[in-house]
Amino acid sequence: MRHRVTVKKFNKTSAHKKAMFSNMLTSLLKYEKIETTKEKGRALKQLADKIIYKAKTDSVHNRRMIAKYVKDKAILAKLFTDIAPRYADKNGGFVRKILSYKRFGDAADMCIVMLTESNNSFATKN
């Protein structure tokens, strides 16, 4: 039984799954918005939130830990210099997942995974 296991296996080996999420995370940080299936988006959101939270404190240790997932050095530099300082005052919720449509071929639920805006206009209205 898979009690308390949060991420699905996606019918892939662990090396394939790690490479897939590494590529998806790098693309998310590069383009700040990607489109994927609902379950992969859910797992990517969890991973990206943890990575961005860790990148808020710039240290050699954190850079090396995040470099396990983000292989592109330019994107890694962008994460520490541009993306993480945007969320200096937030403690979570850096990534948003929006359901969009059902894919035509196999009717899989698709979603858009995107980085949230740093200064949320909804919070300032109240």
# chains A, B, ... in the order shown; residues from 1 in each chain; ligands from 1

$ select_by_dssp --residues "chain A" --states "alpha helix (DSSP H)" --output "MDAnalysis selection string"
chainID A and resid 14:31 38:55 60:67 73:78 84:86 121:125

$ residues_around --residues "A:Lys33" --least-positions-apart "4" --cutoff "7 Å" --atoms "only C-alpha atoms" --output "ChimeraX atom specification"
/A:28,112-115

$ residues_around --residues "A:Ile83" --least-positions-apart "6" --cutoff "10 Å" --atoms "only C-alpha atoms" --output "list in words"
Leu29, Glu32, Ile52, Ala55, Lys56, Ile75, Leu76, Ala77, Phe94, Leu115 and Ser118 of chain A

$ select_by_dssp --residues "chain A" --states "strand (DSSP E or B)" --output "VMD selection string"
chain A and resid 33 to 37 95 to 102 109 to 115

$ write_last_selection --atoms "N, CA, C and O atoms" --output "CSV table (one decimal), in the first residue's frame"
chain,number,residue,atom,x,y,z
A,33,LYS,N,6.4,29.9,-17.4
A,33,LYS,CA,5.0,29.3,-17.6
A,33,LYS,C,5.2,28.1,-18.5
A,33,LYS,O,5.8,28.3,-19.6
A,34,ILE,N,4.7,27.0,-18.1
A,34,ILE,CA,4.7,25.8,-19.0
A,34,ILE,C,3.3,25.1,-19.0
A,34,ILE,O,2.5,25.4,-18.1
A,35,GLU,N,3.1,24.3,-19.9
A,35,GLU,CA,1.8,23.5,-20.0
A,35,GLU,C,2.1,22.0,-19.9
A,35,GLU,O,3.0,21.5,-20.6
A,36,THR,N,1.4,21.3,-19.1
A,36,THR,CA,1.7,19.9,-18.8
A,36,THR,C,0.4,19.3,-18.4
A,36,THR,O,-0.7,19.9,-18.3
A,37,THR,N,0.4,18.0,-18.0
A,37,THR,CA,-0.8,17.3,-17.5
A,37,THR,C,-1.0,17.7,-16.1
A,37,THR,O,-0.1,18.2,-15.4
A,95,VAL,N,4.3,29.1,-6.9
A,95,VAL,CA,3.9,28.5,-8.2
A,95,VAL,C,2.4,28.3,-8.2
A,95,VAL,O,1.9,27.8,-7.2
A,96,ARG,N,1.8,28.5,-9.3
A,96,ARG,CA,0.3,28.4,-9.4
A,96,ARG,C,0.1,27.4,-10.5
A,96,ARG,O,0.8,27.3,-11.5
A,97,LYS,N,-1.0,26.5,-10.3
A,97,LYS,CA,-1.4,25.5,-11.3
A,97,LYS,C,-2.8,25.8,-11.7
A,97,LYS,O,-3.7,25.8,-10.8
A,98,ILE,N,-3.1,26.0,-12.9
A,98,ILE,CA,-4.4,26.3,-13.4
A,98,ILE,C,-4.8,25.3,-14.4
A,98,ILE,O,-4.2,25.0,-15.4
A,99,LEU,N,-6.0,24.6,-14.2
A,99,LEU,CA,-6.5,23.6,-15.1
A,99,LEU,C,-7.0,24.3,-16.3
A,99,LEU,O,-7.6,25.4,-16.3
A,100,SER,N,-6.7,23.8,-17.5
A,100,SER,CA,-7.0,24.5,-18.8
A,100,SER,C,-8.0,23.7,-19.6
A,100,SER,O,-9.1,24.2,-19.9
A,101,TYR,N,-7.7,22.5,-20.1
A,101,TYR,CA,-8.6,21.7,-21.0
A,101,TYR,C,-8.2,20.3,-20.9
A,101,TYR,O,-7.3,19.9,-20.3
A,102,LYS,N,-9.0,19.5,-21.7
A,102,LYS,CA,-8.7,18.1,-21.8
A,102,LYS,C,-8.0,17.9,-23.2
A,102,LYS,O,-8.5,18.4,-24.2
A,109,ASP,N,-6.3,15.5,-18.5
A,109,ASP,CA,-6.5,16.9,-18.0
A,109,ASP,C,-5.2,17.6,-18.1
A,109,ASP,O,-4.1,17.2,-17.6
A,110,MET,N,-5.2,18.8,-18.8
A,110,MET,CA,-4.0,19.6,-19.0
A,110,MET,C,-4.1,20.8,-18.0
A,110,MET,O,-5.2,21.2,-17.6
A,111,CYS,N,-2.9,21.3,-17.7
A,111,CYS,CA,-2.9,22.5,-16.8
A,111,CYS,C,-1.7,23.4,-17.2
A,111,CYS,O,-0.8,23.0,-17.9
A,112,ILE,N,-1.8,24.6,-16.7
A,112,ILE,CA,-0.7,25.6,-16.9
A,112,ILE,C,-0.1,25.8,-15.6
A,112,ILE,O,-0.7,26.1,-14.6
A,113,VAL,N,1.3,25.6,-15.5
A,113,VAL,CA,2.0,25.8,-14.3
A,113,VAL,C,2.8,27.1,-14.5
A,113,VAL,O,3.6,27.2,-15.5
A,114,MET,N,2.6,28.1,-13.6
A,114,MET,CA,3.3,29.4,-13.8
A,114,MET,C,3.8,29.9,-12.4
A,114,MET,O,3.2,29.6,-11.4
A,115,LEU,N,4.7,30.8,-12.5
A,115,LEU,CA,5.2,31.5,-11.3
A,115,LEU,C,4.2,32.6,-11.0
A,115,LEU,O,3.7,33.2,-11.9

$ residues_around --residues "stretch 10-24 of chain A" --least-positions-apart "3" --cutoff "10 Å" --atoms "only C-alpha atoms" --output "PyMOL selection string"
chain A and resi 7+27-30+34-36+39-41+43-44+47-48+67-72

$ write_last_selection --atoms "N, CA and C atoms" --output "JSON list (two decimals), in the first residue's frame"
[["chain", "number", "residue", "atom", "x", "y", "z"],
["A", 7, "VAL", "N", 3.69, 11.71, -4.32],
["A", 7, "VAL", "CA", 3.97, 11.88, -5.74],
["A", 7, "VAL", "C", 3.80, 10.54, -6.44],
["A", 27, "SER", "N", 12.66, 24.38, -17.49],
["A", 27, "SER", "CA", 11.79, 25.10, -18.43],
["A", 27, "SER", "C", 10.87, 26.07, -17.71],
["A", 28, "LEU", "N", 10.37, 25.66, -16.55],
["A", 28, "LEU", "CA", 9.50, 26.55, -15.78],
["A", 28, "LEU", "C", 10.26, 27.79, -15.34],
["A", 29, "LEU", "N", 11.47, 27.63, -14.89],
["A", 29, "LEU", "CA", 12.26, 28.79, -14.45],
["A", 29, "LEU", "C", 12.71, 29.64, -15.63],
["A", 30, "LYS", "N", 12.89, 29.04, -16.79],
["A", 30, "LYS", "CA", 13.33, 29.79, -17.97],
["A", 30, "LYS", "C", 12.18, 30.60, -18.56],
["A", 34, "ILE", "N", 4.66, 26.97, -18.14],
["A", 34, "ILE", "CA", 4.67, 25.82, -19.03],
["A", 34, "ILE", "C", 3.32, 25.13, -18.97],
["A", 35, "GLU", "N", 3.07, 24.27, -19.95],
["A", 35, "GLU", "CA", 1.82, 23.53, -20.01],
["A", 35, "GLU", "C", 2.13, 22.04, -19.92],
["A", 36, "THR", "N", 1.44, 21.33, -19.05],
["A", 36, "THR", "CA", 1.67, 19.91, -18.83],
["A", 36, "THR", "C", 0.39, 19.25, -18.36],
["A", 39, "GLU", "N", -1.42, 15.87, -13.25],
["A", 39, "GLU", "CA", -0.65, 15.18, -12.22],
["A", 39, "GLU", "C", 0.82, 15.58, -12.25],
["A", 40, "LYS", "N", 1.39, 15.72, -13.45],
["A", 40, "LYS", "CA", 2.77, 16.17, -13.53],
["A", 40, "LYS", "C", 2.89, 17.60, -13.04],
["A", 41, "GLY", "N", 1.88, 18.42, -13.30],
["A", 41, "GLY", "CA", 1.87, 19.79, -12.81],
["A", 41, "GLY", "C", 1.81, 19.86, -11.30],
["A", 43, "ALA", "N", 2.99, 17.57, -9.18],
["A", 43, "ALA", "CA", 4.29, 17.17, -8.66],
["A", 43, "ALA", "C", 5.34, 18.26, -8.93],
["A", 44, "LEU", "N", 5.25, 18.90, -10.08],
["A", 44, "LEU", "CA", 6.19, 19.97, -10.41],
["A", 44, "LEU", "C", 6.00, 21.18, -9.50],
["A", 47, "LEU", "N", 7.74, 20.49, -6.20],
["A", 47, "LEU", "CA", 9.20, 20.57, -6.34],
["A", 47, "LEU", "C", 9.66, 22.02, -6.52],
["A", 48, "ALA", "N", 8.96, 22.77, -7.36],
["A", 48, "ALA", "CA", 9.36, 24.15, -7.63],
["A", 48, "ALA", "C", 9.23, 25.04, -6.40],
["A", 67, "ALA", "N", 21.50, 22.86, -7.85],
["A", 67, "ALA", "CA", 22.16, 22.49, -9.10],
["A", 67, "ALA", "C", 21.94, 21.02, -9.44],
["A", 68, "LYS", "N", 21.51, 20.21, -8.48],
["A", 68, "LYS", "CA", 21.14, 18.82, -8.78],
["A", 68, "LYS", "C", 19.93, 18.77, -9.71],
["A", 69, "TYR", "N", 19.04, 19.75, -9.59],
["A", 69, "TYR", "CA", 17.81, 19.77, -10.37],
["A", 69, "TYR", "C", 17.91, 20.69, -11.59],
["A", 70, "VAL", "N", 18.54, 21.84, -11.43],
["A", 70, "VAL", "CA", 18.65, 22.81, -12.52],
["A", 70, "VAL", "C", 20.04, 22.69, -13.13],
["A", 71, "LYS", "N", 20.13, 22.09, -14.30],
["A", 71, "LYS", "CA", 21.43, 21.80, -14.91],
["A", 71, "LYS", "C", 22.01, 22.99, -15.67],
["A", 72, "ASP", "N", 21.19, 23.92, -16.11],
["A", 72, "ASP", "CA", 21.65, 25.07, -16.89],
["A", 72, "ASP", "C", 22.16, 26.16, -15.94]]

$ closest_residue --among "A:Met65, A:Val5, A:Ala74, A:Ala107" --to "A:Lys50" --atoms "only C-alpha atoms"
A:Met65

$ residues_around --residues "A:Gly93" --least-positions-apart "3" --cutoff "8 Å" --atoms "only C-alpha atoms" --output "list in words"
Asp49, Lys90, Arg96 and Thr116 of chain A

$ closest_residue --among "A:Arg4, A:Lys54, A:His61, A:Gly105" --to "A:Tyr87" --atoms "only C-alpha atoms"
A:Lys54
